[in-house]
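S.K.: Sharing a structure, written as structure tokens. Questions coming.
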Amino acid sequence: MWNKIKFWKKYIKSDKESEPKVKKKVTEPVEQDIELSRLDEKQEKMFERWLSAENINFISPEAERLYKERIIRIKNAIQLKKIPDRVPVVLSIGFFPAYYSGLTPKEVMYDYDKLYASWKRFVLDFQPDAHIGCFVPGPGKIFDILDYRLYAWPGHGTSPEHSYQCIEKEYMKKDEYDAFIEDPSGFFRTVYLPRIFGALEPLKNLSPLTNILEIVFTGGSILPYGLPDVQEAYKKLLQAGSEALKWGGVLGAFDKEMAELGYPNFFGGATKAPFDTIGDTLRGTRGIMMDIHRQPEKLLEALDKITPLMVKLGVGGAKMSGNPLIFIPLHKGADAFLSDKQYRKFYWPSFKNTLLGLIEEGCVPFPYAEGSYNTRLNVIKDLPKGKVLWGLDLTDMTAAKEVLGDYACIAGNVPITLLNVGASEQVKFYTQALIDSVSHGGGFIMMNGTVIEEAKPENVKTMINTTKEYGVYKQD
Amino acid sequence: MSNDLINLIVELDEDEAIELVHHRIKEGEDPLNILGDVKEAMSVVGEKYQKNEYFLSELIMTGEISKDITDIIQPLLKPDTNSKNLGKIVLGTVFGDIHDIGKDIVKFMLDTNGFKVFDLGVDVSKEKFIEKIKEVNPDIIALSGFLTLAYDAMKEIITEIDKAGLRENRKIMIGGGQIDDSIQIYVGADAFGKDAVEAVKIAKNWVSG
């Protein structure tokens, strides 16, 4: 049987045939330290709010029961206190629902009805334990209005059939660290935004908002808003704002209907690791890699400076949605990007503080490590127990369970290559083998590795159905 | 004192490296010697990358230093006298995909290991690959892609190469973040490399075999 999935065997070490399913019970720690119980309480409150389903009118008692069951299943997997009834299964998707409904990415970026209908069809047909909302496509019209330059998107640099892609550049120049550190918001408003949105270029003429002091300063500080090109920029911004409101309404309605049908949204909010915030869209990969050598102190200072902003971004999302899970896509800390020493010095400290800041507010950070994270496992385990959900992609899952299993729930990693080009039987076997290898004692959520775009629908279904059948825990 | 320059580059000491280059030019040294040192340094960096002593940031830094030095001495050099190489490779990120970091590392490593690399950049169409293959007659074609959409693009490009009768006596390798053996079979390539180090191994193996 193993030969069937030989291409993907490397992510799972133990042998399905030789190793029976272990169903060891997690023992409650007798002496919980006060710190941990304080954090537990905060997290528990957030989960209670999620479970309370404010403003949700379930279509049936059955839907309400399923909604709560699903959240409790996920909660138990994350907290490592109780073994869930079965392994939860969730999908991380890109434009998959569009392709599944025969639509192009361009269509769902510009037609919100098509977006809504195809995403709803996807959830109802595949029935994962939670969906991730329909925010991924993003509103194409807003990018048009603002002349967005940070991305190529369908019809603007990529074909209508393909997803959007980031255009990496030094949107923050190498000598702009001081300006950024001094006033990140001001830097964004008058330097960064004018560079990434063509329509907002005139905003570079604005003076700092903090100039608007007592009466004698006020007139002069307001003056730039009268400049014709600045007014034009603000008109565009207002226009984009109206469009965003429309789009946001669709997202909200979608989440509400899904909840009423019994499906919670897996993402309560999102934020980023500080190193990725600077490396992805401010300095770019080349820029930040050179900063590591040319101006390490400035880089470290900037990372510290934005850490509280990253925490606020995540906490804000959780407070608004009433769901503690905060998604954090991880990019430039993967194995191939940084040495262990560089990771520990430049990536981990500000990232760890971001995670701790979220945990402190009762959130459950859900970092998703794209690529492989094999060399990071011993670094990232250093966090309070049952407070983080680690999403893994090309990481050795058996090793991850061994190293992280006592501290955190892990999720992953059905390979995208398997879902795209494998056979349904191979998916079934991989899913079972993964359950055998890492589900023992709870603390595991079945997910795919890299975001699903054009996978074979029958493979995605097999992954979900196999988990539901094979991932049931026998309570002893 | 050519070792000094090699060490300075390998140790990423860009200011001193560039100062030394200026100094050596002033002393009347043949710029080809300096270029030789730069190549030697890059190959040491490549070795360190292979041994996991150096990572992405060191490759990018030394690439930058080497570019700065080459910019200084380029005007002093006579046109390239066809230097020897292990083989010719046409490389590019396939159409639909604009990612270049992985491809650039592969180029760096193939370069420093003695291959002549023709880099077509990103979002490269079938037609551009075919055109370049006809033009330079490469031993190897290397397709890069980060996104999963690259699977079908690679497959189309390889089919096109086959159809044009350009496959014979040539090998095709693929690579990228989400590429594995199953994709190699799916797209019909001769090999896949999980990283730049493997790309070099595969290429060397092919040209020696």
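Ligands are numbered from 1 in the order shown, chains are lettered A, B, ... in the order of the structure tokens, and residues start at 1 in each chain.
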Which residues are close to A:Cys166, i.e. within 10 Å by only C-alpha atoms, leaving aside same-chain residues fewer than 5 positions away? Reply as a PyMOL selection string.

M.R.: (chain A and resi 149-153+280-281) or (chain B and resi 98-99)

S.K.: Export, as a compact mmCIF listing (two decimals), in the first residue's frame, the selected residues with all heavy atoms.

M.R.:
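Everything below was put into selection.txt:
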# COMPACT_ATOMS: atom_id res chain seq x y z
N ARG A 149 -0.95 48.80 -7.49
CA ARG A 149 0.30 48.43 -8.18
C ARG A 149 1.09 47.34 -7.49
O ARG A 149 2.12 46.88 -7.99
CB ARG A 149 1.18 49.68 -8.31
CG ARG A 149 0.54 50.64 -9.27
CD ARG A 149 1.19 51.98 -9.31
NE ARG A 149 0.51 52.80 -10.31
CZ ARG A 149 0.88 54.02 -10.63
NH1 ARG A 149 1.92 54.57 -10.06
NH2 ARG A 149 0.21 54.69 -11.55
N LEU A 150 0.61 46.94 -6.31
CA LEU A 150 1.34 45.93 -5.54
C LEU A 150 1.07 44.52 -6.07
O LEU A 150 1.85 43.60 -5.82
CB LEU A 150 0.88 46.04 -4.07
CG LEU A 150 1.51 45.16 -3.02
CD1 LEU A 150 3.01 45.35 -2.96
CD2 LEU A 150 0.91 45.45 -1.65
N TYR A 151 -0.03 44.36 -6.78
CA TYR A 151 -0.40 43.04 -7.29
C TYR A 151 -0.71 43.07 -8.78
O TYR A 151 -1.15 44.10 -9.30
CB TYR A 151 -1.65 42.50 -6.56
CG TYR A 151 -1.32 41.82 -5.26
CD1 TYR A 151 -1.01 42.57 -4.13
CD2 TYR A 151 -1.27 40.44 -5.16
CE1 TYR A 151 -0.67 41.96 -2.94
CE2 TYR A 151 -0.94 39.81 -3.97
CZ TYR A 151 -0.63 40.58 -2.86
OH TYR A 151 -0.30 39.97 -1.69
N ALA A 152 -0.48 41.93 -9.43
CA ALA A 152 -1.06 41.69 -10.75
C ALA A 152 -2.31 40.85 -10.48
O ALA A 152 -2.26 39.95 -9.65
CB ALA A 152 -0.09 40.93 -11.62
N TRP A 153 -3.44 41.17 -11.09
CA TRP A 153 -4.64 40.38 -10.86
C TRP A 153 -5.33 40.10 -12.19
O TRP A 153 -4.97 40.72 -13.21
CB TRP A 153 -5.55 41.06 -9.83
CG TRP A 153 -6.24 42.31 -10.25
CD1 TRP A 153 -7.49 42.43 -10.76
CD2 TRP A 153 -5.71 43.66 -10.17
NE1 TRP A 153 -7.79 43.75 -11.00
CE2 TRP A 153 -6.72 44.53 -10.66
CE3 TRP A 153 -4.50 44.21 -9.74
CZ2 TRP A 153 -6.55 45.91 -10.73
CZ3 TRP A 153 -4.33 45.58 -9.81
CH2 TRP A 153 -5.34 46.41 -10.31
N ASP A 280 7.72 41.06 2.88
CA ASP A 280 6.82 40.77 1.76
C ASP A 280 6.53 42.01 0.92
O ASP A 280 6.73 42.02 -0.29
CB ASP A 280 5.49 40.19 2.25
CG ASP A 280 5.63 38.75 2.75
OD1 ASP A 280 6.68 38.13 2.51
OD2 ASP A 280 4.68 38.25 3.40
N THR A 281 6.00 43.04 1.58
CA THR A 281 5.44 44.14 0.79
C THR A 281 6.10 45.50 1.05
O THR A 281 5.73 46.48 0.41
CB THR A 281 3.93 44.26 1.04
OG1 THR A 281 3.69 44.25 2.45
CG2 THR A 281 3.18 43.11 0.39
N ILE B 98 4.97 34.74 -11.94
CA ILE B 98 5.96 35.82 -11.99
C ILE B 98 7.00 35.72 -10.86
O ILE B 98 7.67 36.68 -10.54
CB ILE B 98 5.29 37.21 -11.97
CG1 ILE B 98 4.45 37.39 -10.70
CG2 ILE B 98 4.45 37.42 -13.22
CD1 ILE B 98 3.92 38.81 -10.51
N HIS B 99 7.10 34.54 -10.24
CA HIS B 99 8.07 34.39 -9.13
C HIS B 99 9.48 34.18 -9.66
O HIS B 99 9.70 33.40 -10.58
CB HIS B 99 7.64 33.24 -8.23
CG HIS B 99 6.40 33.54 -7.46
ND1 HIS B 99 5.15 33.35 -7.98
CD2 HIS B 99 6.23 34.06 -6.22
CE1 HIS B 99 4.25 33.73 -7.08
NE2 HIS B 99 4.88 34.16 -6.01

S.K.: Any idea what's packed within 6 Å of stretch 374-390 of chain A, counting only C-alpha atoms, ignoring anything in its chain fewer than 2 positions away? Could you give it as a list in words?

M.R.: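 Contacts, in chain order: Ile78, Gln79, Leu80, Val364, Pro365, Phe366, Pro367, Ser372, Thr395, Leu404, Tyr407, Ala408, Cys409, Ile410 and Ala411 of chain A.
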
S.K.: Report as an MDAnalysis selection string the set of chain B residues whose atoms approach chain A to within 9 Å, with distances computed over only C-alpha atoms.

M.R.: chainID B and resid 12 52:58 60:61 64 96:99 101 148:149 177:183 186 195

S.K.: Write the selection just made, keeping N, CA, C and O atoms, as a short mmCIF file (atom, residue, chain, number, x, y, z; two decimals), in the first residue's frame?

M.R.:
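Wrote result_3.cif, looks like this:
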data_model
loop_
_atom_site.label_atom_id
_atom_site.label_comp_id
_atom_site.auth_asym_id
_atom_site.auth_seq_id
_atom_site.Cartn_x
_atom_site.Cartn_y
_atom_site.Cartn_z
N LEU B 12 31.20 38.77 2.78
CA LEU B 12 30.19 39.81 2.53
C LEU B 12 30.67 41.21 2.91
O LEU B 12 29.86 42.08 3.24
N ASN B 52 24.83 24.09 3.60
CA ASN B 52 23.93 24.73 4.58
C ASN B 52 24.65 25.69 5.52
O ASN B 52 24.20 25.93 6.64
N GLU B 53 25.79 26.22 5.08
CA GLU B 53 26.46 27.24 5.88
C GLU B 53 25.94 28.61 5.48
O GLU B 53 25.88 29.52 6.28
N TYR B 54 25.59 28.74 4.22
CA TYR B 54 25.03 29.98 3.72
C TYR B 54 23.59 29.76 3.28
O TYR B 54 23.22 28.67 2.85
N PHE B 55 22.79 30.82 3.40
CA PHE B 55 21.39 30.74 3.01
C PHE B 55 21.07 31.83 1.99
O PHE B 55 21.96 32.43 1.41
N LEU B 56 19.78 32.06 1.83
CA LEU B 56 19.33 32.99 0.79
C LEU B 56 19.98 34.37 0.91
O LEU B 56 20.41 34.96 -0.09
N SER B 57 20.06 34.90 2.13
CA SER B 57 20.55 36.27 2.28
C SER B 57 22.01 36.39 1.83
O SER B 57 22.40 37.40 1.25
N GLU B 58 22.81 35.35 2.07
CA GLU B 58 24.22 35.40 1.66
C GLU B 58 24.34 35.31 0.14
O GLU B 58 25.20 35.95 -0.45
N ILE B 60 22.10 36.41 -1.98
CA ILE B 60 21.67 37.70 -2.50
C ILE B 60 22.76 38.76 -2.30
O ILE B 60 23.07 39.53 -3.20
N MET B 61 23.37 38.76 -1.12
CA MET B 61 24.42 39.74 -0.83
C MET B 61 25.62 39.57 -1.75
O MET B 61 26.12 40.54 -2.32
N GLU B 64 24.95 40.64 -5.15
CA GLU B 64 24.95 42.09 -5.24
C GLU B 64 26.40 42.62 -5.33
O GLU B 64 26.71 43.48 -6.15
N GLY B 96 2.36 32.62 -16.72
CA GLY B 96 1.34 32.68 -15.67
C GLY B 96 1.94 32.90 -14.29
O GLY B 96 1.25 33.28 -13.36
N ASP B 97 3.23 32.67 -14.17
CA ASP B 97 3.89 32.74 -12.85
C ASP B 97 4.99 33.80 -12.90
O ASP B 97 5.83 33.77 -13.81
N ILE B 98 4.97 34.74 -11.94
CA ILE B 98 5.96 35.82 -11.99
C ILE B 98 7.00 35.72 -10.86
O ILE B 98 7.67 36.68 -10.54
N HIS B 99 7.10 34.54 -10.24
CA HIS B 99 8.07 34.39 -9.13
C HIS B 99 9.48 34.18 -9.66
O HIS B 99 9.70 33.40 -10.58
N ILE B 101 12.53 34.34 -7.27
CA ILE B 101 13.58 34.09 -6.28
C ILE B 101 14.19 32.71 -6.44
O ILE B 101 15.42 32.55 -6.52
N THR B 148 0.81 26.55 -8.17
CA THR B 148 0.35 25.26 -8.68
C THR B 148 -0.13 25.37 -10.13
O THR B 148 -0.20 24.38 -10.83
N LEU B 149 -0.43 26.59 -10.57
CA LEU B 149 -0.83 26.75 -11.97
C LEU B 149 0.33 26.42 -12.91
O LEU B 149 0.15 26.19 -14.10
N GLY B 177 8.67 25.54 -5.52
CA GLY B 177 8.21 25.26 -4.16
C GLY B 177 7.27 24.09 -4.02
O GLY B 177 7.32 23.35 -3.06
N GLN B 178 6.40 23.90 -5.00
CA GLN B 178 5.39 22.84 -4.86
C GLN B 178 5.55 21.81 -5.98
O GLN B 178 4.58 21.42 -6.62
N ILE B 179 6.78 21.40 -6.21
CA ILE B 179 7.06 20.42 -7.27
C ILE B 179 7.59 19.15 -6.62
O ILE B 179 8.42 19.22 -5.71
N ASP B 180 7.13 18.01 -7.06
CA ASP B 180 7.73 16.76 -6.61
C ASP B 180 7.68 15.72 -7.74
O ASP B 180 7.32 16.06 -8.87
N ASP B 181 8.04 14.47 -7.42
CA ASP B 181 8.11 13.42 -8.44
C ASP B 181 6.80 13.27 -9.20
O ASP B 181 6.79 13.02 -10.41
N SER B 182 5.69 13.41 -8.48
CA SER B 182 4.40 13.19 -9.15
C SER B 182 4.18 14.24 -10.23
O SER B 182 3.59 13.96 -11.26
N ILE B 183 4.68 15.43 -9.98
CA ILE B 183 4.53 16.50 -10.97
C ILE B 183 5.48 16.27 -12.15
O ILE B 183 5.14 16.55 -13.30
N TYR B 186 3.68 13.98 -14.24
CA TYR B 186 2.50 14.65 -14.80
C TYR B 186 2.87 15.54 -15.99
O TYR B 186 2.18 15.56 -17.00
N ASP B 195 15.65 21.61 -4.80
CA ASP B 195 16.29 22.91 -4.59
C ASP B 195 17.43 23.10 -5.60
O ASP B 195 17.68 22.24 -6.45
#

S.K.: So which residues touch stretch 22-30 of chain B within 9 Å, counting only C-alpha atoms, skipping near sequence neighbours fewer than 4 positions away, as a VMD selection string?

M.R.: chain B and resid 17 to 18 34 72 to 73 76 to 77

S.K.: I'd like the neighbourhood of B:Ala196 as a ChimeraX atom specification, where a residue qualifies if any of its atoms comes within 10 Å (using only C-alpha atoms), though same-chain residues fewer than 4 positions away should be ignored.

M.R.: /B:46,49-50,102-110,175-176,200-202

S.K.: Only all heavy atoms, please: the residues just picked out, written as a compact mmCIF listing (two decimals), in the first residue's frame.

M.R.:
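Okay, result-v6.txt is ready:
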# COMPACT_ATOMS: atom_id res chain seq x y z
N GLY B 46 28.76 29.26 -3.36
CA GLY B 46 27.91 28.15 -3.79
C GLY B 46 28.15 26.90 -2.96
O GLY B 46 27.22 26.21 -2.54
N TYR B 49 26.64 27.29 0.40
CA TYR B 49 25.18 27.13 0.30
C TYR B 49 24.84 25.64 0.27
O TYR B 49 23.92 25.18 0.95
CB TYR B 49 24.67 27.84 -0.95
CG TYR B 49 23.17 27.76 -1.14
CD1 TYR B 49 22.31 28.52 -0.35
CD2 TYR B 49 22.62 26.92 -2.11
CE1 TYR B 49 20.94 28.45 -0.53
CE2 TYR B 49 21.24 26.85 -2.29
CZ TYR B 49 20.41 27.62 -1.50
OH TYR B 49 19.04 27.54 -1.68
N GLN B 50 25.63 24.90 -0.49
CA GLN B 50 25.41 23.46 -0.58
C GLN B 50 25.55 22.79 0.78
O GLN B 50 24.86 21.85 1.09
CB GLN B 50 26.42 22.82 -1.54
CG GLN B 50 25.83 22.60 -2.91
CD GLN B 50 26.87 22.33 -3.98
OE1 GLN B 50 28.06 22.49 -3.78
NE2 GLN B 50 26.41 21.91 -5.13
N GLY B 102 13.34 31.69 -6.53
CA GLY B 102 13.84 30.32 -6.69
C GLY B 102 14.64 30.17 -7.97
O GLY B 102 15.74 29.59 -7.98
N LYS B 103 14.10 30.71 -9.04
CA LYS B 103 14.78 30.62 -10.33
C LYS B 103 16.16 31.31 -10.26
O LYS B 103 17.15 30.80 -10.78
CB LYS B 103 13.94 31.29 -11.41
CG LYS B 103 14.66 31.43 -12.74
CD LYS B 103 13.89 32.28 -13.72
CE LYS B 103 13.80 33.74 -13.35
NZ LYS B 103 15.07 34.48 -13.36
N ASP B 104 16.21 32.46 -9.60
CA ASP B 104 17.48 33.19 -9.51
C ASP B 104 18.53 32.41 -8.72
O ASP B 104 19.72 32.47 -9.04
CB ASP B 104 17.26 34.58 -8.90
CG ASP B 104 16.53 35.51 -9.86
OD1 ASP B 104 16.40 35.15 -11.05
OD2 ASP B 104 16.08 36.59 -9.42
N ILE B 105 18.09 31.70 -7.69
CA ILE B 105 19.05 30.89 -6.92
C ILE B 105 19.59 29.77 -7.81
O ILE B 105 20.79 29.48 -7.83
CB ILE B 105 18.40 30.26 -5.67
CG1 ILE B 105 17.85 31.35 -4.75
CG2 ILE B 105 19.41 29.41 -4.91
CD1 ILE B 105 17.08 30.79 -3.57
N VAL B 106 18.69 29.14 -8.55
CA VAL B 106 19.11 28.06 -9.45
C VAL B 106 20.10 28.60 -10.48
O VAL B 106 21.14 28.00 -10.75
CB VAL B 106 17.88 27.43 -10.15
CG1 VAL B 106 18.31 26.48 -11.26
CG2 VAL B 106 17.03 26.68 -9.13
N LYS B 107 19.81 29.77 -11.01
CA LYS B 107 20.72 30.39 -11.99
C LYS B 107 22.09 30.63 -11.35
O LYS B 107 23.13 30.28 -11.92
CB LYS B 107 20.14 31.71 -12.47
CG LYS B 107 21.06 32.43 -13.43
CD LYS B 107 20.41 33.69 -13.98
CE LYS B 107 21.26 34.27 -15.10
NZ LYS B 107 22.01 35.45 -14.70
N PHE B 108 22.08 31.19 -10.18
CA PHE B 108 23.31 31.48 -9.44
C PHE B 108 24.14 30.20 -9.29
O PHE B 108 25.33 30.15 -9.59
CB PHE B 108 22.94 32.03 -8.06
CG PHE B 108 24.10 32.39 -7.17
CD1 PHE B 108 24.52 33.71 -7.07
CD2 PHE B 108 24.76 31.42 -6.43
CE1 PHE B 108 25.59 34.05 -6.24
CE2 PHE B 108 25.83 31.75 -5.61
CZ PHE B 108 26.24 33.07 -5.51
N MET B 109 23.49 29.13 -8.84
CA MET B 109 24.21 27.89 -8.56
C MET B 109 24.70 27.23 -9.85
O MET B 109 25.81 26.68 -9.88
CB MET B 109 23.31 26.93 -7.77
CG MET B 109 23.02 27.40 -6.36
SD MET B 109 24.51 27.56 -5.36
CE MET B 109 24.88 25.82 -5.06
N LEU B 110 23.90 27.27 -10.90
CA LEU B 110 24.34 26.67 -12.17
C LEU B 110 25.50 27.48 -12.76
O LEU B 110 26.49 26.92 -13.22
CB LEU B 110 23.17 26.62 -13.17
CG LEU B 110 22.06 25.62 -12.84
CD1 LEU B 110 20.88 25.83 -13.77
CD2 LEU B 110 22.55 24.17 -12.93
N GLY B 175 11.49 22.57 -11.40
CA GLY B 175 11.69 22.82 -9.97
C GLY B 175 10.79 23.94 -9.50
O GLY B 175 10.24 24.70 -10.30
N GLY B 176 10.64 24.03 -8.17
CA GLY B 176 9.80 25.07 -7.58
C GLY B 176 9.24 24.61 -6.26
O GLY B 176 9.33 23.43 -5.92
N VAL B 200 21.88 21.45 -9.68
CA VAL B 200 23.28 21.34 -10.11
C VAL B 200 23.66 19.87 -10.27
O VAL B 200 24.27 19.46 -11.26
CB VAL B 200 24.22 22.04 -9.11
CG1 VAL B 200 25.68 21.76 -9.45
CG2 VAL B 200 23.95 23.54 -9.09
N LYS B 201 23.29 19.07 -9.29
CA LYS B 201 23.61 17.63 -9.32
C LYS B 201 23.04 16.98 -10.58
O LYS B 201 23.72 16.24 -11.29
CB LYS B 201 23.00 16.94 -8.09
CG LYS B 201 24.02 16.59 -7.01
CD LYS B 201 23.35 15.74 -5.94
CE LYS B 201 23.55 16.39 -4.57
NZ LYS B 201 22.67 15.89 -3.55
N ILE B 202 21.78 17.28 -10.84
CA ILE B 202 21.11 16.69 -12.01
C ILE B 202 21.80 17.14 -13.29
O ILE B 202 22.12 16.32 -14.16
CB ILE B 202 19.61 17.11 -12.03
CG1 ILE B 202 18.87 16.51 -10.84
CG2 ILE B 202 18.96 16.67 -13.34
CD1 ILE B 202 17.52 17.16 -10.56
